[in-house]
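Next comes structure.cif, a file with mmCIF, C-alpha atoms.
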data_work
#
loop_
_atom_site.label_atom_id
_atom_site.label_comp_id
_atom_site.auth_asym_id
_atom_site.auth_seq_id
_atom_site.Cartn_x
_atom_site.Cartn_y
_atom_site.Cartn_z
CA MET A 1 34.45 -58.44 67.02
CA GLU A 2 30.99 -57.20 67.96
CA MET A 3 30.22 -53.50 68.06
CA THR A 4 30.03 -51.81 71.42
CA THR A 5 26.99 -49.73 72.34
CA TYR A 6 28.77 -46.46 71.65
CA GLN A 7 30.21 -47.66 68.37
CA ALA A 8 26.72 -48.69 67.27
CA VAL A 9 25.27 -45.32 68.31
CA PHE A 10 27.90 -43.52 66.24
CA ALA A 11 27.47 -45.91 63.29
CA VAL A 12 23.72 -45.33 63.18
CA LEU A 13 23.89 -41.56 63.54
CA LEU A 14 26.69 -41.34 60.97
CA ILE A 15 24.28 -42.49 58.24
CA PHE A 16 21.67 -40.00 59.40
CA PHE A 17 24.33 -37.29 59.32
CA LEU A 18 25.24 -38.18 55.74
CA GLY A 19 21.58 -38.31 54.74
CA ASP A 20 20.86 -34.84 56.10
CA LEU A 21 24.08 -33.50 54.59
CA VAL A 22 23.19 -34.76 51.11
CA GLY A 23 19.62 -33.47 51.48
CA ALA A 24 20.89 -30.01 52.47
CA LEU A 25 23.57 -29.85 49.77
CA THR A 26 21.12 -30.86 47.03
CA LYS A 27 18.23 -28.80 48.44
CA VAL A 28 16.13 -31.96 48.79
CA LYS A 29 16.55 -33.01 45.15
CA ILE A 30 18.12 -36.12 46.67
CA SER A 31 16.11 -36.80 49.80
CA SER A 32 17.88 -37.63 53.04
CA MET A 33 15.34 -40.45 53.46
CA PHE A 34 16.59 -42.07 50.26
CA VAL A 35 20.24 -41.72 51.30
CA ILE A 36 19.59 -43.07 54.80
CA MET A 37 17.62 -46.10 53.66
CA MET A 38 19.95 -46.94 50.78
CA GLY A 39 22.96 -46.50 53.05
CA PHE A 40 21.67 -48.95 55.63
CA LEU A 41 20.61 -51.45 52.96
CA VAL A 42 24.10 -51.51 51.42
CA LEU A 43 25.80 -51.68 54.81
CA PHE A 44 23.58 -54.55 55.96
CA MET A 45 23.98 -56.52 52.75
CA THR A 46 27.76 -56.13 52.72
CA GLY A 47 28.02 -57.14 56.37
CA ILE A 48 29.70 -53.88 57.37
CA TYR A 49 26.88 -53.22 59.83
CA PRO A 50 25.46 -56.09 61.92
CA ASP A 51 21.77 -56.89 61.48
CA ASN A 52 21.09 -55.98 65.11
CA VAL A 53 22.85 -52.61 65.12
CA MET A 54 19.69 -50.95 66.48
CA GLU A 55 19.54 -53.40 69.38
CA ILE A 56 23.24 -52.92 70.16
CA SER A 57 22.88 -49.14 70.11
CA GLY A 58 19.90 -49.28 72.45
CA PHE A 59 17.68 -47.32 70.08
CA ALA A 60 15.42 -50.31 69.42
CA GLY A 61 14.20 -50.27 73.02
CA VAL A 62 12.55 -46.86 72.70
CA ALA A 63 12.16 -46.48 68.94
CA SER A 64 8.51 -47.52 68.86
CA LEU A 65 7.54 -44.49 70.96
CA GLY A 66 8.65 -42.07 68.27
CA GLN A 67 5.83 -42.65 65.80
CA TYR A 68 3.12 -42.11 68.42
CA PHE A 69 4.57 -38.78 69.56
CA LEU A 70 4.91 -37.74 65.91
CA LEU A 71 1.34 -38.72 65.10
CA PHE A 72 0.04 -36.73 68.06
CA ASN A 73 2.07 -33.73 66.93
CA MET A 74 0.74 -34.13 63.40
CA GLY A 75 -2.76 -34.06 64.81
CA THR A 76 -1.99 -30.75 66.54
CA SER A 77 -1.04 -29.27 63.17
CA VAL A 78 -4.48 -29.86 61.65
CA ASP A 79 -7.52 -27.73 62.39
CA ILE A 80 -11.06 -28.83 61.64
CA PRO A 81 -11.52 -26.67 58.53
CA THR A 82 -8.30 -28.11 57.14
CA LEU A 83 -9.43 -31.65 57.94
CA LYS A 84 -12.70 -31.04 56.09
CA ARG A 85 -10.72 -29.86 53.09
CA GLU A 86 -8.56 -33.00 53.13
CA TRP A 87 -11.31 -35.25 51.76
CA ARG A 88 -9.72 -34.58 48.40
CA THR A 89 -6.42 -35.95 49.68
CA VAL A 90 -8.11 -39.12 50.91
CA LEU A 91 -9.84 -39.61 47.56
CA CYS A 92 -6.63 -38.92 45.63
CA ALA A 93 -4.72 -41.41 47.80
CA THR A 94 -7.41 -44.03 47.18
CA VAL A 95 -7.19 -43.51 43.41
CA GLY A 96 -3.40 -43.83 43.69
CA MET A 97 -3.78 -47.14 45.51
CA ALA A 98 -6.14 -48.38 42.79
CA ALA A 99 -3.59 -47.38 40.14
CA ALA A 100 -0.88 -49.35 41.98
CA ILE A 101 -3.09 -52.45 42.25
CA LEU A 102 -3.90 -52.17 38.54
CA GLY A 103 -0.19 -52.01 37.76
CA CYS A 104 0.45 -55.17 39.79
CA ALA A 105 -2.44 -56.94 38.07
CA VAL A 106 -1.24 -56.08 34.57
CA VAL A 107 2.16 -57.75 35.12
CA ILE A 108 0.68 -61.07 36.33
CA PRO A 109 1.50 -62.79 32.99
CA LEU A 110 5.11 -61.66 33.39
CA ILE A 111 5.85 -62.49 37.05
CA GLY A 112 3.02 -64.79 38.21
CA LYS A 113 -0.26 -64.36 40.05
CA GLU A 114 1.02 -65.24 43.53
CA TYR A 115 3.84 -62.70 43.31
CA SER A 116 1.57 -59.88 42.18
CA MET A 117 -0.96 -60.68 44.90
CA ALA A 118 1.76 -60.85 47.54
CA ALA A 119 3.26 -57.53 46.52
CA ALA A 120 0.18 -55.38 45.81
CA PRO A 121 -0.97 -54.84 49.43
CA VAL A 122 2.62 -54.18 50.52
CA VAL A 123 2.95 -51.49 47.85
CA ASN A 124 -0.30 -50.00 49.14
CA GLY A 125 1.10 -49.91 52.67
CA GLY A 126 4.23 -51.55 54.06
CA ILE A 127 2.60 -52.04 57.45
CA VAL A 128 0.79 -55.12 56.08
CA ALA A 129 4.00 -56.83 54.92
CA THR A 130 3.85 -59.27 57.83
CA THR A 131 0.29 -60.27 56.87
CA MET A 132 1.30 -61.12 53.32
CA VAL A 133 4.54 -62.84 54.35
CA GLN A 134 2.64 -65.07 56.76
CA ALA A 135 -0.05 -65.85 54.16
CA CYS A 136 2.60 -66.84 51.60
CA GLU A 137 4.53 -68.98 54.07
CA ASP A 138 1.34 -70.79 55.12
CA LEU A 139 0.81 -71.70 51.46
CA GLY A 140 4.42 -72.79 50.99
CA LEU A 141 5.17 -69.82 48.71
CA ASP A 142 8.54 -68.97 50.25
CA THR A 143 9.82 -66.97 47.28
CA ALA A 144 6.63 -64.91 47.22
CA ALA A 145 7.08 -64.30 50.94
CA ALA A 146 10.64 -63.14 50.29
CA LEU A 147 9.37 -60.84 47.53
CA ALA A 148 6.87 -59.22 49.92
CA THR A 149 9.69 -58.62 52.42
CA PHE A 150 11.98 -57.24 49.71
CA VAL A 151 9.28 -54.91 48.36
CA TYR A 152 8.65 -53.63 51.87
CA ALA A 153 12.35 -53.05 52.43
CA VAL A 154 13.03 -51.11 49.24
CA GLN A 155 9.74 -49.50 48.21
CA LYS A 156 10.58 -46.34 50.12
CA PHE A 157 13.43 -45.76 47.66
CA VAL A 158 10.97 -45.91 44.77
CA GLY A 159 8.46 -43.52 46.32
CA THR A 160 10.85 -41.04 47.90
CA LEU A 161 12.29 -39.39 44.78
CA PRO A 162 8.97 -38.78 42.96
CA ALA A 163 7.28 -37.59 46.18
CA SER A 164 10.20 -35.29 46.96
CA ASN A 165 10.61 -33.83 43.48
CA CYS A 166 6.88 -33.38 42.85
CA GLY A 167 6.40 -31.82 46.27
CA LEU A 168 9.34 -29.52 45.67
CA SER A 169 7.75 -28.30 42.43
CA VAL A 170 4.43 -27.65 44.21
CA ALA A 171 6.20 -25.77 47.04
CA LYS A 172 8.11 -23.55 44.62
CA ASP A 173 4.90 -22.65 42.78
CA LEU A 174 3.16 -21.91 46.07
CA VAL A 175 5.96 -19.65 47.32
CA ALA A 176 6.15 -17.85 43.98
CA ASP A 177 2.41 -17.17 44.22
CA LEU A 178 2.75 -15.87 47.80
CA ARG A 179 5.59 -13.54 46.87
CA ALA A 180 3.62 -12.24 43.90
CA LYS A 181 0.67 -11.46 46.17
CA HIS A 182 2.94 -9.62 48.61
CA ALA A 183 4.46 -7.64 45.74
CA ALA A 184 1.00 -6.63 44.52
CA ASP A 185 -0.32 -5.89 48.02
CA PRO A 186 2.15 -5.18 50.87
CA ASP A 187 -0.65 -5.77 53.40
CA TYR A 188 -1.45 -9.24 52.08
CA SER A 189 -1.41 -12.00 54.69
CA TRP A 190 -1.70 -15.71 53.98
CA TYR A 191 -2.88 -16.21 57.57
CA LYS A 192 -5.79 -13.81 57.08
CA GLU A 193 -6.69 -15.49 53.82
CA MET A 194 -6.81 -18.89 55.51
CA ALA A 195 -8.78 -17.55 58.47
CA GLY A 196 -11.26 -15.66 56.30
CA ASN A 197 -9.88 -12.30 57.50
CA SER A 198 -11.36 -12.90 60.95
CA ALA A 199 -8.30 -14.08 62.86
CA GLY A 200 -8.12 -10.88 64.91
CA ASP A 201 -11.65 -11.32 66.28
CA LYS A 202 -11.05 -14.73 67.81
CA LYS A 203 -11.45 -15.30 71.51
CA ALA A 204 -8.20 -16.15 73.26
CA LEU A 205 -7.68 -19.90 73.46
CA PHE A 206 -6.78 -21.82 76.60
CA TRP A 207 -3.17 -22.34 75.58
CA GLU A 208 -2.81 -18.68 74.65
CA LYS A 209 -3.88 -17.63 78.14
CA TYR A 210 -1.31 -19.92 79.75
CA LYS A 211 1.37 -19.87 77.06
CA LYS A 212 4.23 -19.43 79.53
CA TYR A 213 3.49 -22.83 81.06
CA TYR A 214 4.01 -24.72 77.78
CA THR A 215 7.60 -25.63 78.53
CA THR A 216 9.50 -28.55 77.04
CA PHE A 217 8.65 -31.08 79.75
CA ILE A 218 5.05 -29.97 80.18
CA CYS A 219 4.53 -30.38 76.43
CA LEU A 220 6.14 -33.82 76.51
CA ALA A 221 3.95 -34.82 79.46
CA ILE A 222 0.81 -33.69 77.63
CA ALA A 223 1.81 -35.75 74.60
CA ALA A 224 2.59 -38.77 76.80
CA ALA A 225 -0.80 -38.48 78.51
CA MET A 226 -2.54 -38.44 75.13
CA MET A 227 -0.44 -41.40 74.00
CA LEU A 228 -1.56 -43.36 77.10
CA LEU A 229 -5.18 -42.46 76.42
CA ALA A 230 -4.73 -43.51 72.77
CA SER A 231 -3.41 -46.87 73.94
CA ILE A 232 -6.44 -47.41 76.17
CA LEU A 233 -8.87 -46.39 73.43
CA GLY A 234 -7.09 -48.63 70.93
CA ASP A 235 -7.49 -51.59 73.27
CA LEU A 236 -11.16 -50.79 73.85
CA CYS A 237 -11.72 -50.72 70.09
CA GLN A 238 -9.98 -54.11 69.80
CA GLY A 239 -7.77 -52.90 66.98
CA TRP A 240 -10.56 -51.70 64.70
CA VAL A 241 -9.44 -48.15 65.48
CA ASN A 242 -5.84 -48.61 66.55
CA MET A 243 -3.52 -46.56 68.73
CA SER A 244 -1.92 -44.76 65.79
CA ILE A 245 -5.27 -43.41 64.63
CA TRP A 246 -6.21 -42.36 68.16
CA CYS A 247 -2.93 -40.49 68.64
CA MET A 248 -3.65 -38.38 65.58
CA VAL A 249 -7.32 -37.91 66.48
CA LEU A 250 -6.45 -36.80 70.02
CA GLY A 251 -3.93 -34.35 68.63
CA ILE A 252 -6.62 -32.87 66.40
CA ILE A 253 -9.03 -32.63 69.34
CA CYS A 254 -6.46 -31.01 71.63
CA ARG A 255 -5.54 -28.42 69.02
CA ASN A 256 -9.11 -27.58 68.00
CA THR A 257 -10.40 -27.25 71.57
CA GLY A 258 -7.57 -24.82 72.29
CA LEU A 259 -5.86 -27.08 74.81
CA VAL A 260 -2.54 -27.05 72.96
CA PRO A 261 -1.00 -24.88 70.22
CA SER A 262 -0.29 -26.04 66.70
CA ASN A 263 2.79 -28.27 66.30
CA LEU A 264 3.19 -28.68 70.04
CA LEU A 265 6.23 -30.95 69.92
CA ARG A 266 7.96 -29.20 67.02
CA ASP A 267 7.64 -25.57 68.11
CA TYR A 268 7.30 -25.79 71.89
CA ALA A 269 8.93 -29.02 73.07
CA LYS A 270 11.57 -28.80 70.31
CA ALA A 271 11.54 -32.60 70.21
CA ASN A 272 10.13 -33.46 66.80
CA GLY A 273 13.54 -34.16 65.29
CA PHE A 274 14.41 -36.75 67.91
CA PHE A 275 11.06 -38.50 67.60
CA SER A 276 11.47 -38.56 63.82
CA PHE A 277 14.81 -40.27 64.32
CA LEU A 278 13.29 -42.86 66.67
CA SER A 279 10.51 -43.61 64.20
CA LEU A 280 13.01 -44.35 61.45
CA CYS A 281 14.84 -46.66 63.84
CA THR A 282 11.76 -48.92 63.76
CA ILE A 283 11.84 -49.13 59.95
CA ILE A 284 15.55 -49.66 59.31
CA PRO A 285 15.87 -53.22 60.75
CA SER A 286 13.62 -54.52 57.94
CA LEU A 287 16.42 -53.75 55.49
CA ALA A 288 18.56 -56.39 57.16
CA LYS A 289 16.12 -59.07 55.93
CA VAL A 290 17.19 -58.70 52.30
CA ASP A 291 19.50 -61.60 51.36
CA TRP A 292 22.00 -61.66 48.49
CA ALA A 293 20.85 -65.18 47.53
CA GLN A 294 17.30 -63.97 46.91
CA LEU A 295 18.20 -61.04 44.70
CA PRO A 296 18.35 -62.74 41.25
CA VAL A 297 14.77 -64.03 41.43
CA ILE A 298 12.95 -61.48 43.51
CA GLY A 299 15.00 -58.54 42.26
CA PHE A 300 13.62 -58.88 38.73
CA LYS A 301 10.04 -59.32 39.94
CA ALA A 302 10.34 -56.33 42.26
CA VAL A 303 11.65 -54.12 39.46
CA VAL A 304 8.76 -55.16 37.21
CA ILE A 305 6.25 -54.39 39.96
CA PHE A 306 7.71 -50.99 40.79
CA VAL A 307 7.97 -49.97 37.14
CA ALA A 308 4.34 -50.96 36.57
CA VAL A 309 3.17 -49.12 39.70
CA VAL A 310 5.00 -45.91 38.79
CA ILE A 311 3.90 -46.03 35.13
CA PHE A 312 0.25 -46.58 35.96
CA THR A 313 0.35 -43.88 38.64
CA PHE A 314 1.68 -41.35 36.15
CA ILE A 315 -0.82 -42.49 33.50
CA VAL A 316 -3.76 -42.06 35.88
CA PHE A 317 -2.75 -38.62 37.14
CA TYR A 318 -1.20 -37.18 33.99
CA LEU A 319 -3.39 -38.58 31.23
CA THR A 320 -6.79 -38.68 32.94
CA PRO A 321 -8.77 -36.01 34.83
CA ALA A 322 -7.95 -37.69 38.17
CA TRP A 323 -5.41 -34.96 39.00
CA LYS A 324 -8.29 -32.48 39.26
CA ILE A 325 -9.22 -34.04 42.61
CA VAL A 326 -6.50 -31.96 44.28
CA GLY A 327 -5.96 -29.51 41.43
CA SER A 328 -2.33 -30.34 40.66
CA LYS A 329 -0.68 -33.12 38.70
CA ASN A 330 2.52 -32.93 40.72
CA LEU A 331 0.71 -32.91 44.07
CA SER A 332 -1.40 -35.87 42.90
CA ILE A 333 1.72 -37.88 42.09
CA GLY A 334 3.28 -36.95 45.42
CA ILE A 335 0.15 -38.02 47.30
CA ALA A 336 -0.01 -41.31 45.38
CA MET A 337 3.66 -42.06 46.13
CA CYS A 338 3.02 -41.71 49.87
CA GLN A 339 1.61 -45.26 49.94
CA LEU A 340 5.13 -46.48 49.14
CA ILE A 341 6.73 -44.38 51.85
CA GLY A 342 4.42 -44.44 54.84
CA TYR A 343 4.73 -42.56 58.08
CA PRO A 344 7.06 -40.99 59.31
CA GLY A 345 8.79 -40.81 55.93
CA THR A 346 5.95 -38.73 54.49
CA GLU A 347 6.35 -36.09 57.19
CA LEU A 348 10.12 -36.08 56.91
CA ILE A 349 10.01 -35.52 53.15
CA ALA A 350 7.45 -32.74 53.57
CA THR A 351 9.64 -31.12 56.24
CA GLU A 352 12.67 -31.31 53.95
CA ILE A 353 10.72 -29.63 51.18
CA THR A 354 9.59 -26.89 53.55
CA ASN A 355 13.12 -26.27 54.82
CA ALA A 356 14.52 -26.16 51.29
CA VAL A 357 12.02 -23.66 49.86
CA ALA A 358 10.57 -21.50 52.66
CA GLN A 359 12.37 -18.31 53.67
CA THR A 360 9.82 -16.83 56.07
CA PRO A 361 7.53 -18.28 58.78
CA GLU A 362 4.53 -17.50 56.56
CA GLU A 363 6.00 -19.43 53.63
CA ARG A 364 6.88 -22.29 55.94
CA ASP A 365 3.36 -22.52 57.33
CA ALA A 366 1.79 -22.21 53.86
CA ILE A 367 3.92 -25.05 52.46
CA SER A 368 3.31 -27.18 55.54
CA SER A 369 -0.44 -26.63 55.32
CA LYS A 370 -0.55 -27.72 51.68
CA ILE A 371 2.09 -30.45 51.40
CA GLN A 372 2.82 -31.85 54.85
CA THR A 373 -0.82 -32.31 55.73
CA ALA A 374 -1.59 -33.87 52.34
CA TYR A 375 1.42 -36.22 52.45
CA VAL A 376 0.88 -37.40 56.00
CA ILE A 377 -2.88 -37.88 55.65
CA SER A 378 -2.32 -39.68 52.35
CA GLY A 379 0.19 -42.07 53.91
CA PHE A 380 -2.04 -42.47 56.94
CA THR A 381 -5.06 -43.28 54.77
CA SER A 382 -3.27 -45.81 52.58
CA VAL A 383 -0.74 -47.42 54.94
CA THR A 384 -2.66 -47.46 58.20
CA ILE A 385 -6.26 -47.95 57.09
CA LEU A 386 -7.06 -49.08 53.55
CA SER A 387 -4.06 -51.35 53.00
CA VAL A 388 -5.09 -53.47 55.99
CA PHE A 389 -8.42 -54.33 54.36
CA ILE A 390 -6.79 -54.95 50.97
CA ALA A 391 -4.19 -57.28 52.54
CA SER A 392 -6.85 -59.25 54.40
CA PHE A 393 -8.89 -59.70 51.23
CA LEU A 394 -5.98 -60.77 49.03
CA ALA A 395 -4.53 -63.06 51.70
CA LYS A 396 -7.86 -64.90 51.83
CA LEU A 397 -8.07 -64.92 48.03
CA MET A 398 -4.61 -66.51 47.77
CA GLY A 399 -5.70 -69.34 50.06
CA ALA A 400 -9.01 -69.90 48.31
#

Structure re-expressed in structure tokens:
Amino acid sequence: MEMTTYQAVFAVLLIFFLGDLVGALTKVKISSMFVIMMGFLVLFMTGIYPDNVMEISGFAGVASLGQYFLLFNMGTSVDIPTLKREWRTVLCATVGMAAAILGCAVVIPLIGKEYSMAAAPVVNGGIVATTMVQACEDLGLDTAAALATFVYAVQKFVGTLPASNCGLSVAKDLVADLRAKHAADPDYSWYKEMAGNSAGDKKALFWEKYKKYYTTFICLAIAAAMMLLASILGDLCQGWVNMSIWCMVLGIICRNTGLVPSNLLRDYAKANGFFSFLSLCTIIPSLAKVDWAQLPVIGFKAVVIFVAVVIFTFIVFYLTPAWKIVGSKNLSIGIAMCQLIGYPGTELIATEITNAVAQTPEERDAISSKIQTAYVISGFTSVTILSVFIASFLAKLMGA
């Protein structure tokens, strides 16, 4: 008997409930993202949940909107000085992608050239999974195509725990440093330190003058207007600069011109949680593509690939000076793992870390500034931009 709409809604949200519960009980040592994704994978593979549970629930119809609202909100959380500082994050993410590709290349004698080439771009960014699957199918490499799909479906599990644990360590060190500074100087302010002690001399911004008008629906309408503009700009750029990038760029512009406050949808519209949920609803259906019959062959190859990627990532950032790019070995590993997770998972993990460690608004903003921005920009750099070029190159190379 097929699920009803309301049964499907409850079934979907039940897994999210369990994921958040485990994340809260373990203080993010076991990420809710990991629990949610693993839960759906098991339920799909055992047939307990139908493959089209998102369609039955009705979430699939609006799920794609979530990521664009989230990207706009992320843009509103970044000011220009912060963006200038994030060149280190971009470079660190690029080095992490190179380490992953090197790991895939090293295991070619063990699993085969076509499998390594099919998996490498997907590890760099799951968004290109369809490109590699299509390239493999065109060449009659059905098992390699299945491997690319499997890697895409499960790689978030591999990246989530290291990114969460490393980020948690960085957040704890950051908070300990803040509390030590407050103990030494009761007048210390992280905000003043970030603003160069000139925050009080700033001219009032547009949104500050009209703060009372930034209600829930006005904030949502502003975000929707920017999303529409991002769509138009994406079309004009013919995909070279896509809608996702424009959503984030417009958020940055709106925040830095004073049109909107920081974290517009999180702090003013109070809608970030729902949009995060919708974004995950676009990812989850890919888990239903994993077939029991494919597991013996592709399971082994996937394990080899993931082990190689993780080992080479740790080698690069723990045994070479590469960690100095961002000044922390743990943060470097977290940034590198973001290629396996992608957006919105990177933001969700960063939010979990913030909620688990921060006890004051200042601590929350300090952690968010350091970890959330780094994680999201890292995932954005690898998944949305660089992985596309890598996939195109390797897809052509496979057919050569």

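Around A:Thr373, within 10 Å and counting all atoms listed in the file, the residues found are A:Met74, A:Gly75, A:Ser77, A:Val78, A:Thr82, A:Leu83, A:Glu86, A:Thr89, A:Thr346, A:Glu347, A:Ala350, A:Ile367, A:Ser368, A:Ser369, A:Lys370, A:Ile371, A:Tyr375, A:Val376, A:Ile377, A:Ser378, A:Gly379, once anything fewer than 2 positions away on its own chain is removed.
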
Problem - Surrounding residues of stretch 137-143 of chain A excluding itself and chain neighbours under 2 positions, 9 Å, only C-alpha atoms, as a VMD selection string - result: chain A and resid 114 to 115 132 to 135 145 to 148 294 297 to 298 398 to 399

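For the structure in this document, the set picked by the PyMOL selection byres ((chain A and resi 57) around 9) is Met3, Thr4, Thr5, Tyr6, Gln7, Ala8, Val9, Phe10, Ala11, Val12, Asn52, Val53, Met54, Glu55, Ile56, Gly58, Phe59 and Ala60 of chain A.
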
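Candidate residues A:Ile390, A:Val310, A:Ala336, A:Leu161 were compared for distance to A:Ala93, and the nearest is A:Ala336, using only C-alpha atoms.
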
Handout entry: Nearby residues, (-6.1, -32.2, 72.0) file frame, 12 Å, all atoms listed in the file, as a ChimeraX atom specification
Key = /A:72-80,206-207,219,222-227,229-230,246-264

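The coordinates place atom CA of A:Thr360 at 15.5 Å from atom CA of A:Asp187.
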
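Between atom CA of A:Ala322 and atom CA of A:Ala99 the separation is 10.8 Å.
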
Practice task
Determine, counting only C-alpha atoms, which protein, DNA and RNA residues have an atom within 12 Å of an atom of A:Val122; residues of the same chain fewer than 4 positions away are not included. Present the result as a PyMOL selection string.
Solution key: chain A and resi 97+100-101+104+115-118+126-133+144-145+147-156+302+305-306+309+339-342+382-384+386-392+394-395

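Nearest to A:Tyr214 of all the residues A:Ile36, A:Leu265, A:Ala180, A:Ile335 is A:Leu265, counting only C-alpha atoms.
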
Exercise for the section: Would you translate the PyMOL selection byres ((chain A and resi 358) around 12) into the concrete set of residues it matches in this file, as an MDAnalysis selection string? Expected result: chainID A and resid 27 168 171:176 178:179 350:357 359:368

Please evaluate the PyMOL selection byres ((chain A and resi 67) around 12) against the structure above and give the resulting residues as a PDB file with C-alpha atoms, in the coordinates of the input.
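File produced: selection-v9.pdb:
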ATOM      1  CA  VAL A  62      12.550 -46.860  72.700  1.00  0.00           C
ATOM      2  CA  ALA A  63      12.160 -46.480  68.940  1.00  0.00           C
ATOM      3  CA  SER A  64       8.510 -47.520  68.860  1.00  0.00           C
ATOM      4  CA  LEU A  65       7.540 -44.490  70.960  1.00  0.00           C
ATOM      5  CA  GLY A  66       8.650 -42.070  68.270  1.00  0.00           C
ATOM      6  CA  TYR A  68       3.120 -42.110  68.420  1.00  0.00           C
ATOM      7  CA  PHE A  69       4.570 -38.780  69.560  1.00  0.00           C
ATOM      8  CA  LEU A  70       4.910 -37.740  65.910  1.00  0.00           C
ATOM      9  CA  LEU A  71       1.340 -38.720  65.100  1.00  0.00           C
ATOM     10  CA  PHE A  72       0.040 -36.730  68.060  1.00  0.00           C
ATOM     11  CA  ASN A  73       2.070 -33.730  66.930  1.00  0.00           C
ATOM     12  CA  MET A  74       0.740 -34.130  63.400  1.00  0.00           C
ATOM     13  CA  ALA A 223       1.810 -35.750  74.600  1.00  0.00           C
ATOM     14  CA  MET A 227      -0.440 -41.400  74.000  1.00  0.00           C
ATOM     15  CA  MET A 243      -3.520 -46.560  68.730  1.00  0.00           C
ATOM     16  CA  SER A 244      -1.920 -44.760  65.790  1.00  0.00           C
ATOM     17  CA  ILE A 245      -5.270 -43.410  64.630  1.00  0.00           C
ATOM     18  CA  CYS A 247      -2.930 -40.490  68.640  1.00  0.00           C
ATOM     19  CA  MET A 248      -3.650 -38.380  65.580  1.00  0.00           C
ATOM     20  CA  ASN A 272      10.130 -33.460  66.800  1.00  0.00           C
ATOM     21  CA  GLY A 273      13.540 -34.160  65.290  1.00  0.00           C
ATOM     22  CA  PHE A 274      14.410 -36.750  67.910  1.00  0.00           C
ATOM     23  CA  PHE A 275      11.060 -38.500  67.600  1.00  0.00           C
ATOM     24  CA  SER A 276      11.470 -38.560  63.820  1.00  0.00           C
ATOM     25  CA  PHE A 277      14.810 -40.270  64.320  1.00  0.00           C
ATOM     26  CA  LEU A 278      13.290 -42.860  66.670  1.00  0.00           C
ATOM     27  CA  SER A 279      10.510 -43.610  64.200  1.00  0.00           C
ATOM     28  CA  LEU A 280      13.010 -44.350  61.450  1.00  0.00           C
ATOM     29  CA  CYS A 281      14.840 -46.660  63.840  1.00  0.00           C
ATOM     30  CA  THR A 282      11.760 -48.920  63.760  1.00  0.00           C
ATOM     31  CA  ILE A 283      11.840 -49.130  59.950  1.00  0.00           C
ATOM     32  CA  GLY A 342       4.420 -44.440  54.840  1.00  0.00           C
ATOM     33  CA  TYR A 343       4.730 -42.560  58.080  1.00  0.00           C
ATOM     34  CA  PRO A 344       7.060 -40.990  59.310  1.00  0.00           C
ATOM     35  CA  GLY A 345       8.790 -40.810  55.930  1.00  0.00           C
ATOM     36  CA  THR A 346       5.950 -38.730  54.490  1.00  0.00           C
ATOM     37  CA  GLU A 347       6.350 -36.090  57.190  1.00  0.00           C
ATOM     38  CA  LEU A 348      10.120 -36.080  56.910  1.00  0.00           C
ATOM     39  CA  PHE A 380      -2.040 -42.470  56.940  1.00  0.00           C
TER      40      PHE A 380
END

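The point (24.8, -60.9, 66.9) has these residues within 8 Å of it, counting all atoms listed in the file: A:Glu2, A:Pro50, A:Asp51, A:Asn52.
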
Hey, can you spit out that residue selection with C-alpha atoms as a PDB file, in the coordinates of the input?
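Result saved to result.pdb:
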ATOM      1  CA  GLU A   2      30.990 -57.200  67.960  1.00  0.00           C
ATOM      2  CA  PRO A  50      25.460 -56.090  61.920  1.00  0.00           C
ATOM      3  CA  ASP A  51      21.770 -56.890  61.480  1.00  0.00           C
ATOM      4  CA  ASN A  52      21.090 -55.980  65.110  1.00  0.00           C
TER       5      ASN A  52
END
